[in-house]
$ cat run_18.txt   # compact mmCIF, C-alpha atoms and all ligand atoms
# COMPACT_ATOMS: atom_id res chain seq x y z
CA MET A 968 0.00 0.00 0.00
CA LEU A 969 1.04 3.59 -0.59
CA VAL A 970 0.78 6.69 1.61
CA ALA A 971 0.00 10.05 -0.03
CA PRO A 972 -0.01 12.86 2.54
CA SER A 973 -2.21 15.82 1.60
CA LEU A 974 -0.68 19.30 1.64
CA LEU A 975 -4.07 20.75 2.54
CA SER A 976 -3.05 20.80 6.22
CA ALA A 977 0.44 22.21 5.54
CA ASP A 978 1.67 25.80 5.96
CA PHE A 979 0.73 27.36 2.59
CA SER A 980 3.37 30.09 2.93
CA ARG A 981 6.13 27.46 2.61
CA LEU A 982 4.79 24.66 0.44
CA GLY A 983 8.13 23.88 -1.21
CA GLU A 984 9.73 23.06 2.12
CA GLU A 985 6.63 21.10 3.13
CA VAL A 986 6.90 18.92 0.00
CA ALA A 987 10.60 18.28 0.70
CA ALA A 988 9.75 17.39 4.30
CA LEU A 989 7.13 14.86 3.16
CA GLU A 990 9.67 13.20 0.87
CA GLN A 991 12.15 13.03 3.77
CA ALA A 992 9.45 11.58 6.01
CA GLY A 993 8.89 8.65 3.64
CA ALA A 994 5.77 9.63 1.70
CA ASP A 995 5.17 7.63 -1.50
CA TRP A 996 3.24 10.42 -3.28
CA VAL A 997 2.32 13.99 -2.36
CA HIS A 998 -1.40 14.79 -2.70
CA PHE A 999 -2.29 18.30 -3.95
CA ASP A 1000 -5.89 19.48 -3.39
CA VAL A 1001 -6.87 21.94 -6.11
CA MET A 1002 -10.14 23.82 -5.34
CA ASP A 1003 -11.76 26.53 -7.44
CA GLY A 1004 -14.46 28.07 -5.24
CA HIS A 1005 -17.17 26.62 -7.53
CA PHE A 1006 -17.09 22.82 -7.44
CA VAL A 1007 -16.25 23.25 -3.74
CA PRO A 1008 -16.46 26.50 -1.76
CA PRO A 1009 -12.74 27.00 -0.89
CA ILE A 1010 -10.02 28.16 -3.29
CA THR A 1011 -6.55 26.65 -2.85
CA ILE A 1012 -3.78 26.39 -5.44
CA GLY A 1013 -3.23 26.09 -9.19
CA PRO A 1014 -0.59 24.86 -11.63
CA ARG A 1015 1.93 27.56 -10.76
CA THR A 1016 2.13 26.36 -7.17
CA VAL A 1017 2.61 22.78 -8.33
CA GLU A 1018 5.35 23.94 -10.72
CA HIS A 1019 7.25 25.72 -7.94
CA CYS A 1020 6.90 22.74 -5.58
CA ARG A 1021 8.31 20.44 -8.27
CA ARG A 1022 11.81 21.84 -7.58
CA TYR A 1023 11.73 20.57 -4.01
CA ALA A 1024 11.10 16.83 -4.44
CA LYS A 1025 11.27 13.97 -6.92
CA LEU A 1026 8.38 11.87 -5.64
CA PRO A 1027 5.17 11.56 -7.71
CA PHE A 1028 2.72 14.47 -7.51
CA ASP A 1029 -0.86 13.25 -7.13
CA VAL A 1030 -3.07 16.17 -8.15
CA HIS A 1031 -6.73 16.03 -7.10
CA LEU A 1032 -8.84 18.51 -9.07
CA MET A 1033 -11.96 19.72 -7.26
CA ILE A 1034 -12.80 22.16 -10.04
CA GLU A 1035 -15.39 22.75 -12.74
CA ASN A 1036 -14.26 22.36 -16.36
CA PRO A 1037 -11.23 20.21 -15.48
CA GLU A 1038 -10.51 19.66 -19.18
CA ARG A 1039 -9.24 23.25 -19.48
CA THR A 1040 -6.32 22.76 -17.11
CA ILE A 1041 -4.82 19.40 -18.13
CA GLU A 1042 -1.87 20.78 -20.11
CA ALA A 1043 -1.07 23.36 -17.44
CA PHE A 1044 -0.82 20.71 -14.73
CA ARG A 1045 1.20 18.44 -17.05
CA ASP A 1046 3.67 21.27 -17.71
CA ALA A 1047 3.78 22.01 -13.98
CA GLY A 1048 5.05 18.49 -13.24
CA ALA A 1049 1.97 16.57 -12.10
CA THR A 1050 2.23 12.76 -12.24
CA MET A 1051 -1.37 11.71 -11.53
CA LEU A 1052 -4.26 13.99 -12.45
CA SER A 1053 -7.68 13.09 -11.01
CA VAL A 1054 -11.02 14.63 -11.96
CA HIS A 1055 -14.41 14.29 -10.35
CA VAL A 1056 -17.01 12.39 -12.34
CA GLU A 1057 -19.49 14.97 -10.97
CA ALA A 1058 -17.52 17.89 -12.48
CA THR A 1059 -17.73 17.01 -16.16
CA ARG A 1060 -20.30 15.71 -18.63
CA HIS A 1061 -17.57 13.92 -20.53
CA ILE A 1062 -15.54 11.87 -18.07
CA HIS A 1063 -14.42 9.35 -20.68
CA ARG A 1064 -13.01 12.05 -22.93
CA VAL A 1065 -11.31 13.88 -20.06
CA LEU A 1066 -9.56 10.71 -18.84
CA ASP A 1067 -8.44 9.99 -22.38
CA THR A 1068 -7.09 13.53 -22.79
CA ILE A 1069 -5.17 13.23 -19.51
CA ARG A 1070 -3.53 10.01 -20.71
CA GLN A 1071 -2.74 11.52 -24.12
CA ALA A 1072 -1.04 14.39 -22.27
CA GLY A 1073 1.31 11.85 -20.67
CA LEU A 1074 -0.23 11.81 -17.18
CA ARG A 1075 -1.81 9.01 -15.18
CA PRO A 1076 -5.58 9.60 -15.14
CA GLY A 1077 -7.68 9.32 -12.02
CA VAL A 1078 -11.44 9.48 -11.51
CA CYS A 1079 -12.89 10.73 -8.21
CA LEU A 1080 -16.24 9.90 -6.67
CA ASN A 1081 -18.09 11.94 -4.03
CA PRO A 1082 -19.62 10.08 -1.06
CA GLY A 1083 -23.14 10.70 -2.37
CA SER A 1084 -22.53 9.41 -5.89
CA PRO A 1085 -23.27 5.83 -6.91
CA LEU A 1086 -20.31 3.63 -7.77
CA ALA A 1087 -22.07 2.79 -11.03
CA LEU A 1088 -21.18 6.29 -12.27
CA VAL A 1089 -17.50 5.35 -12.59
CA GLU A 1090 -17.89 1.71 -13.61
CA PRO A 1091 -17.85 2.45 -17.37
CA VAL A 1092 -14.50 4.27 -17.12
CA LEU A 1093 -12.60 2.12 -14.60
CA HIS A 1094 -10.78 0.54 -17.50
CA ASP A 1095 -9.63 4.00 -18.68
CA ALA A 1096 -8.23 5.18 -15.33
CA ASP A 1097 -5.09 4.32 -13.33
CA LEU A 1098 -6.61 5.59 -10.10
CA LEU A 1099 -10.05 5.61 -8.48
CA VAL A 1100 -10.28 8.25 -5.74
CA MET A 1101 -13.00 7.32 -3.26
CA MET A 1102 -13.99 10.37 -1.24
CA CYS A 1103 -14.87 9.39 2.33
CA VAL A 1104 -15.79 12.98 3.28
CA ASN A 1105 -17.54 15.65 1.24
CA PRO A 1106 -14.67 17.46 -0.50
CA GLY A 1107 -13.63 20.96 0.46
CA TRP A 1108 -11.96 20.78 3.86
CA GLY A 1109 -9.45 18.73 5.78
CA GLY A 1110 -10.11 17.35 9.23
CA GLN A 1111 -13.60 15.95 8.62
CA LYS A 1112 -14.91 12.65 9.92
CA PHE A 1113 -14.77 9.48 7.78
CA ILE A 1114 -18.34 8.89 6.59
CA ASP A 1115 -20.09 5.71 7.76
CA GLY A 1116 -20.79 3.40 4.88
CA SER A 1117 -17.54 4.25 3.09
CA LEU A 1118 -16.06 0.86 3.96
CA ASP A 1119 -18.84 -0.99 2.15
CA ARG A 1120 -18.30 1.24 -0.88
CA ILE A 1121 -14.56 0.52 -0.84
CA LYS A 1122 -15.27 -3.21 -0.75
CA ALA A 1123 -17.65 -2.89 -3.71
CA ALA A 1124 -15.13 -0.76 -5.60
CA ARG A 1125 -12.44 -3.38 -5.01
CA ALA A 1126 -14.68 -6.10 -6.47
CA LEU A 1127 -15.25 -3.97 -9.58
CA ARG A 1128 -11.55 -3.24 -9.88
CA ASP A 1129 -10.62 -6.93 -9.63
CA ARG A 1130 -13.10 -7.72 -12.40
CA LEU A 1131 -12.52 -4.76 -14.73
CA ASN A 1132 -9.00 -3.38 -14.17
CA PRO A 1133 -6.70 -5.22 -11.72
CA SER A 1134 -3.96 -2.59 -12.12
CA LEU A 1135 -6.24 0.22 -10.90
CA ASP A 1136 -5.19 1.87 -7.64
CA ILE A 1137 -8.00 2.59 -5.16
CA GLU A 1138 -7.16 5.74 -3.20
CA ILE A 1139 -9.03 6.70 -0.04
CA ASP A 1140 -9.35 10.44 0.54
CA GLY A 1141 -10.83 12.11 3.61
CA GLY A 1142 -11.00 11.19 7.29
CA VAL A 1143 -8.09 8.75 7.14
CA ASN A 1144 -6.40 7.97 10.46
CA ALA A 1145 -4.72 4.81 11.77
CA ALA A 1146 -8.08 3.08 12.38
CA THR A 1147 -9.99 4.10 9.23
CA GLY A 1148 -6.83 3.61 7.18
CA ARG A 1149 -6.40 0.06 8.42
CA GLN A 1150 -10.07 -0.74 7.73
CA SER A 1151 -9.87 0.80 4.26
CA ILE A 1152 -6.86 -1.34 3.34
CA ALA A 1153 -8.61 -4.42 4.73
CA ASN A 1154 -11.54 -3.63 2.43
CA GLY A 1155 -9.35 -3.35 -0.65
CA ALA A 1156 -7.85 0.14 -0.82
CA THR A 1157 -4.29 0.46 -2.18
CA VAL A 1158 -3.44 4.13 -1.46
CA LEU A 1159 -4.22 6.27 1.63
CA VAL A 1160 -4.41 10.06 1.48
CA ALA A 1161 -4.04 11.73 4.86
CA GLY A 1162 -3.91 15.42 5.69
CA SER A 1163 -4.82 16.28 9.27
CA PHE A 1164 -3.62 12.91 10.61
CA VAL A 1165 -0.12 13.50 9.23
CA TYR A 1166 0.11 17.16 10.20
CA SER A 1167 -1.33 16.86 13.70
CA HIS A 1168 0.52 13.72 14.76
CA PRO A 1169 2.27 14.35 18.09
CA GLN A 1170 5.41 12.50 16.96
CA GLY A 1171 5.55 14.24 13.59
CA LYS A 1172 5.07 13.38 9.93
CA LYS A 1173 7.47 10.43 9.75
CA ALA A 1174 5.77 8.67 12.66
CA ALA A 1175 2.34 9.36 11.17
CA ILE A 1176 3.33 7.83 7.81
CA GLN A 1177 4.86 4.80 9.56
CA GLU A 1178 1.72 4.35 11.64
CA LEU A 1179 -0.42 4.33 8.49
CA ARG A 1180 1.82 1.68 6.96
C1 LIG A 1201 -10.83 17.02 0.95
C2 LIG A 1201 -9.49 16.72 0.29
C3 LIG A 1201 -8.66 15.76 1.06
C4 LIG A 1201 -8.32 16.28 2.43
C5 LIG A 1201 -7.95 15.18 3.34
O1 LIG A 1201 -11.52 17.91 0.17
O2 LIG A 1201 -9.69 16.18 -1.00
O3 LIG A 1201 -7.49 15.43 0.36
O4 LIG A 1201 -7.25 17.15 2.41
O5 LIG A 1201 -7.77 15.74 4.61
P1 LIG A 1201 -8.02 14.86 5.90
O6 LIG A 1201 -7.04 13.73 5.83
O7 LIG A 1201 -7.73 15.82 7.00
O8 LIG A 1201 -9.43 14.41 5.86
ZN ZN A 1202 -7.86 15.24 -1.99

$ encode --input "run_18.txt" --output "structure tokens"
Amino acid sequence: MLVAPSLLSADFSRLGEEVAALEQAGADWVHFDVMDGHFVPPITIGPRTVEHCRRYAKLPFDVHLMIENPERTIEAFRDAGATMLSVHVEATRHIHRVLDTIRQAGLRPGVCLNPGSPLALVEPVLHDADLLVMMCVNPGWGGQKFIDGSLDRIKAARALRDRLNPSLDIEIDGGVNAATGRQSIANGATVLVAGSFVYSHPQGKKAAIQELR
């Protein structure tokens, strides 16, 4: 399993150093939460921030777009140094085309699903994605509680993945701590995103990542 700490809980005035610190602490990927004030209420960062962070670490950049019209920004995030680029199925009418465009751009495509959306929405495109991002909170903020019922959804997603695309990663995003992380992996997840757990751990980031493993 892989651990992808989310920068959402980091100090935004020094993101470059925060990315370097995550690499030092043993993160597998760094998770960037991009929010536009429309798809979700907050506004966070864009491609220029990702580009500047790219100088500070070599590990894969896992970019989670919580934005409307994600198709307009694919090249900008590619040029900025993203590795994975994930779009919400709820944010586009043309998820199949967007995933295809992301792959054509040379990035690994991911599809994200909100807690209130049926798994069937992503089933037709699981074959076209490298990553399925299962939201276990409603996107927009760090530090929320893992939603009950998410574990059953993860189990169902894992069954679909085994049938349709065994190389698909299943990434759990929102409310991950040592307990919900362990349960998610037991139900078939392959990647854990964690923001507040990593940044509020009393023994620091390295201990938090080790505890998740
Ligand atoms: C929520 C973001 C998550 C969030 C996770 O909108 O997509 O990546 O930062 O934060 P925690 O781990 O605190 O729930
Ligand atoms: Zn995220």

$ closest_residue --input "run_18.txt" --among "A:Gly1162, A:Leu1135, A:Pro1027, A:Ala1145" --to "ligand ZN 1202 (chain A)" --atoms "only C-alpha atoms and all ligand atoms"
A:Gly1162

$ closest_residue --input "run_18.txt" --among "A:Leu1026, A:Val1089, A:Leu1066, A:Cys1103" --to "Ala971 (chain A)" --atoms "only C-alpha atoms"
A:Leu1026

$ closest_residue --input "run_18.txt" --among "A:Pro1009, A:Pro1037, A:Gly993, A:Pro1106" --to "Arg1060 (chain A)" --atoms "all atoms listed in the file"
A:Pro1037

$ residues_near_ligand --input "run_18.txt" --ligand "ligand ZN 1202 (chain A)" --cutoff "6 Å" --atoms "all atoms listed in the file" --output "PDB file with C-alpha atoms, keeping the file's coordinate frame"
ATOM      1  CA  ASP A1000      -5.890  19.480  -3.390  1.00  0.00           C
ATOM      2  CA  HIS A1031      -6.730  16.030  -7.100  1.00  0.00           C
ATOM      3  CA  ASP A1140      -9.350  10.440   0.540  1.00  0.00           C
TER       4      ASP A1140
END

$ closest_residue --input "run_18.txt" --among "A:Gln1170, A:Cys1079, A:Phe1164, A:Ile1152" --to "Gly1109 (chain A)" --atoms "all atoms listed in the file"
A:Phe1164

$ closest_residue --input "run_18.txt" --among "A:Lys1172, A:His1063, A:Gly1107, A:Leu1098" --to "Val986 (chain A)" --atoms "all atoms listed in the file"
A:Lys1172

$ residues_near_ligand --input "run_18.txt" --ligand "ligand LIG 1201 (chain A)" --cutoff "8 Å" --atoms "all atoms listed in the file" --output "JSON, numbers by chain"
{"A": [972, 973, 974, 975, 976, 998, 999, 1000, 1031, 1033, 1102, 1104, 1105, 1106, 1107, 1108, 1109, 1110, 1111, 1112, 1113, 1140, 1141, 1142, 1143, 1144, 1160, 1161, 1162, 1163, 1164, 1165]}

$ atom_distance --input "run_18.txt" --atom1 "CA of Glu1042 (chain A)" --atom2 "CA of Ile1069 (chain A)"
8.3 Å

$ residues_around --input "run_18.txt" --residues "Leu1086 (chain A)" --least-positions-apart "6" --cutoff "9 Å" --atoms "all atoms listed in the file" --output "PyMOL selection string"
chain A and resi 1080+1120+1123-1124

$ atom_distance --input "run_18.txt" --atom1 "CA of His1094 (chain A)" --atom2 "CA of Ile1012 (chain A)"
29.4 Å

$ atom_distance --input "run_18.txt" --atom1 "CA of Pro1133 (chain A)" --atom2 "CA of Ala1175 (chain A)"
28.6 Å

$ residues_around --input "run_18.txt" --residues "Thr1157 (chain A)" --least-positions-apart "2" --cutoff "9 Å" --atoms "all atoms listed in the file" --output "JSON, numbers by chain"
{"A": [968, 969, 970, 1135, 1136, 1137, 1138, 1139, 1151, 1152, 1155, 1159]}

$ closest_residue --input "run_18.txt" --among "A:His1055, A:Arg1130, A:Lys1173, A:Arg1180" --to "Ser1084 (chain A)" --atoms "only C-alpha atoms"
A:His1055

$ axis_aligned_box --input "run_18.txt" --around "region 970-984 of chain A" --padding-each-side "5 Å" --output "lines of an AutoDock Vina configuration file"
center_x = 2.8
center_y = 18.4
center_z = 2.5
size_x = 23.8
size_y = 33.4
size_z = 17.4

$ residues_around --input "run_18.txt" --residues "Leu1088 (chain A)" --least-positions-apart "6" --cutoff "10 Å" --atoms "only C-alpha atoms" --output "PyMOL selection string"
chain A and resi 1056-1057+1062+1080

$ residues_around --input "run_18.txt" --residues "Arg1021 (chain A)" --least-positions-apart "5" --cutoff "8 Å" --atoms "only C-alpha atoms" --output "PyMOL selection string"
chain A and resi 983+1047-1048

$ residues_around --input "run_18.txt" --residues "Glu1090 (chain A)" --least-positions-apart "3" --cutoff "10 Å" --atoms "all atoms listed in the file" --output "MDAnalysis selection string"
chainID A and resid 1085:1087 1093:1095 1124 1127:1128 1131

$ build_atoms --input "run_18.txt" --residues "region 991-1002 of chain A" --atoms "all heavy atoms" --output "PDB file, keeping the file's coordinate frame"
ATOM      1  N   GLN A 991      11.232  13.468   2.705  1.00  0.00           N
ATOM      2  CA  GLN A 991      12.150  13.030   3.770  1.00  0.00           C
ATOM      3  C   GLN A 991      11.466  12.094   4.760  1.00  0.00           C
ATOM      4  O   GLN A 991      12.076  11.185   5.286  1.00  0.00           O
ATOM      5  CB  GLN A 991      12.649  14.254   4.551  1.00  0.00           C
ATOM      6  CG  GLN A 991      13.708  15.052   3.823  1.00  0.00           C
ATOM      7  CD  GLN A 991      14.998  14.270   3.676  1.00  0.00           C
ATOM      8  OE1 GLN A 991      15.458  13.644   4.621  1.00  0.00           O
ATOM      9  NE2 GLN A 991      15.559  14.249   2.476  1.00  0.00           N
ATOM     10  N   ALA A 992      10.184  12.350   5.005  1.00  0.00           N
ATOM     11  CA  ALA A 992       9.450  11.580   6.010  1.00  0.00           C
ATOM     12  C   ALA A 992       8.964  10.232   5.476  1.00  0.00           C
ATOM     13  O   ALA A 992       8.339   9.465   6.211  1.00  0.00           O
ATOM     14  CB  ALA A 992       8.263  12.411   6.524  1.00  0.00           C
ATOM     15  N   GLY A 993       9.215   9.962   4.184  1.00  0.00           N
ATOM     16  CA  GLY A 993       8.890   8.650   3.640  1.00  0.00           C
ATOM     17  C   GLY A 993       7.576   8.541   2.887  1.00  0.00           C
ATOM     18  O   GLY A 993       7.083   7.434   2.643  1.00  0.00           O
ATOM     19  N   ALA A 994       7.007   9.673   2.484  1.00  0.00           N
ATOM     20  CA  ALA A 994       5.770   9.630   1.700  1.00  0.00           C
ATOM     21  C   ALA A 994       6.042   8.936   0.353  1.00  0.00           C
ATOM     22  O   ALA A 994       7.145   9.045  -0.196  1.00  0.00           O
ATOM     23  CB  ALA A 994       5.254  11.042   1.449  1.00  0.00           C
ATOM     24  N   ASP A 995       5.045   8.235  -0.167  1.00  0.00           N
ATOM     25  CA  ASP A 995       5.170   7.630  -1.500  1.00  0.00           C
ATOM     26  C   ASP A 995       4.797   8.646  -2.574  1.00  0.00           C
ATOM     27  O   ASP A 995       5.456   8.732  -3.614  1.00  0.00           O
ATOM     28  CB  ASP A 995       4.240   6.423  -1.606  1.00  0.00           C
ATOM     29  CG  ASP A 995       4.648   5.322  -0.660  1.00  0.00           C
ATOM     30  OD1 ASP A 995       5.762   4.779  -0.819  1.00  0.00           O
ATOM     31  OD2 ASP A 995       3.865   5.015   0.266  1.00  0.00           O
ATOM     32  N   TRP A 996       3.696   9.355  -2.373  1.00  0.00           N
ATOM     33  CA  TRP A 996       3.240  10.420  -3.280  1.00  0.00           C
ATOM     34  C   TRP A 996       2.920  11.637  -2.411  1.00  0.00           C
ATOM     35  O   TRP A 996       2.707  11.498  -1.191  1.00  0.00           O
ATOM     36  CB  TRP A 996       1.923  10.034  -3.983  1.00  0.00           C
ATOM     37  CG  TRP A 996       1.922   8.782  -4.814  1.00  0.00           C
ATOM     38  CD1 TRP A 996       3.000   8.036  -5.211  1.00  0.00           C
ATOM     39  CD2 TRP A 996       0.753   8.140  -5.359  1.00  0.00           C
ATOM     40  NE1 TRP A 996       2.564   6.963  -5.964  1.00  0.00           N
ATOM     41  CE2 TRP A 996       1.196   7.001  -6.072  1.00  0.00           C
ATOM     42  CE3 TRP A 996      -0.622   8.404  -5.320  1.00  0.00           C
ATOM     43  CZ2 TRP A 996       0.321   6.146  -6.749  1.00  0.00           C
ATOM     44  CZ3 TRP A 996      -1.492   7.551  -5.984  1.00  0.00           C
ATOM     45  CH2 TRP A 996      -1.026   6.426  -6.696  1.00  0.00           C
ATOM     46  N   VAL A 997       2.871  12.813  -3.041  1.00  0.00           N
ATOM     47  CA  VAL A 997       2.320  13.990  -2.360  1.00  0.00           C
ATOM     48  C   VAL A 997       0.987  14.328  -3.030  1.00  0.00           C
ATOM     49  O   VAL A 997       0.894  14.374  -4.262  1.00  0.00           O
ATOM     50  CB  VAL A 997       3.248  15.211  -2.450  1.00  0.00           C
ATOM     51  CG1 VAL A 997       2.576  16.435  -1.831  1.00  0.00           C
ATOM     52  CG2 VAL A 997       4.548  14.933  -1.727  1.00  0.00           C
ATOM     53  N   HIS A 998      -0.043  14.529  -2.212  1.00  0.00           N
ATOM     54  CA  HIS A 998      -1.400  14.790  -2.700  1.00  0.00           C
ATOM     55  C   HIS A 998      -1.672  16.297  -2.661  1.00  0.00           C
ATOM     56  O   HIS A 998      -1.589  16.924  -1.596  1.00  0.00           O
ATOM     57  CB  HIS A 998      -2.376  14.025  -1.806  1.00  0.00           C
ATOM     58  CG  HIS A 998      -3.800  14.054  -2.229  1.00  0.00           C
ATOM     59  ND1 HIS A 998      -4.334  13.199  -3.171  1.00  0.00           N
ATOM     60  CD2 HIS A 998      -4.833  14.839  -1.828  1.00  0.00           C
ATOM     61  CE1 HIS A 998      -5.629  13.446  -3.321  1.00  0.00           C
ATOM     62  NE2 HIS A 998      -5.964  14.452  -2.526  1.00  0.00           N
ATOM     63  N   PHE A 999      -1.976  16.871  -3.824  1.00  0.00           N
ATOM     64  CA  PHE A 999      -2.290  18.300  -3.950  1.00  0.00           C
ATOM     65  C   PHE A 999      -3.807  18.451  -4.123  1.00  0.00           C
ATOM     66  O   PHE A 999      -4.377  17.872  -5.059  1.00  0.00           O
ATOM     67  CB  PHE A 999      -1.617  18.899  -5.181  1.00  0.00           C
ATOM     68  CG  PHE A 999      -0.130  19.077  -5.074  1.00  0.00           C
ATOM     69  CD1 PHE A 999       0.740  18.003  -5.254  1.00  0.00           C
ATOM     70  CD2 PHE A 999       0.415  20.327  -4.813  1.00  0.00           C
ATOM     71  CE1 PHE A 999       2.113  18.165  -5.172  1.00  0.00           C
ATOM     72  CE2 PHE A 999       1.793  20.505  -4.733  1.00  0.00           C
ATOM     73  CZ  PHE A 999       2.644  19.429  -4.912  1.00  0.00           C
ATOM     74  N   ASP A1000      -4.447  19.251  -3.278  1.00  0.00           N
ATOM     75  CA  ASP A1000      -5.890  19.480  -3.390  1.00  0.00           C
ATOM     76  C   ASP A1000      -6.152  20.820  -4.060  1.00  0.00           C
ATOM     77  O   ASP A1000      -5.913  21.878  -3.478  1.00  0.00           O
ATOM     78  CB  ASP A1000      -6.527  19.424  -1.999  1.00  0.00           C
ATOM     79  CG  ASP A1000      -6.601  17.998  -1.475  1.00  0.00           C
ATOM     80  OD1 ASP A1000      -7.195  17.150  -2.179  1.00  0.00           O
ATOM     81  OD2 ASP A1000      -6.058  17.718  -0.400  1.00  0.00           O
ATOM     82  N   VAL A1001      -6.625  20.741  -5.303  1.00  0.00           N
ATOM     83  CA  VAL A1001      -6.870  21.940  -6.110  1.00  0.00           C
ATOM     84  C   VAL A1001      -8.372  22.263  -6.061  1.00  0.00           C
ATOM     85  O   VAL A1001      -9.198  21.438  -6.483  1.00  0.00           O
ATOM     86  CB  VAL A1001      -6.424  21.693  -7.571  1.00  0.00           C
ATOM     87  CG1 VAL A1001      -6.751  22.906  -8.442  1.00  0.00           C
ATOM     88  CG2 VAL A1001      -4.936  21.364  -7.624  1.00  0.00           C
ATOM     89  N   MET A1002      -8.719  23.437  -5.525  1.00  0.00           N
ATOM     90  CA  MET A1002     -10.140  23.820  -5.340  1.00  0.00           C
ATOM     91  C   MET A1002     -10.374  25.183  -5.968  1.00  0.00           C
ATOM     92  O   MET A1002      -9.537  26.092  -5.833  1.00  0.00           O
ATOM     93  CB  MET A1002     -10.486  23.877  -3.863  1.00  0.00           C
ATOM     94  CG  MET A1002     -10.130  22.604  -3.096  1.00  0.00           C
ATOM     95  SD  MET A1002     -10.737  22.662  -1.404  1.00  0.00           S
ATOM     96  CE  MET A1002      -9.968  21.180  -0.730  1.00  0.00           C
TER      97      MET A1002
END
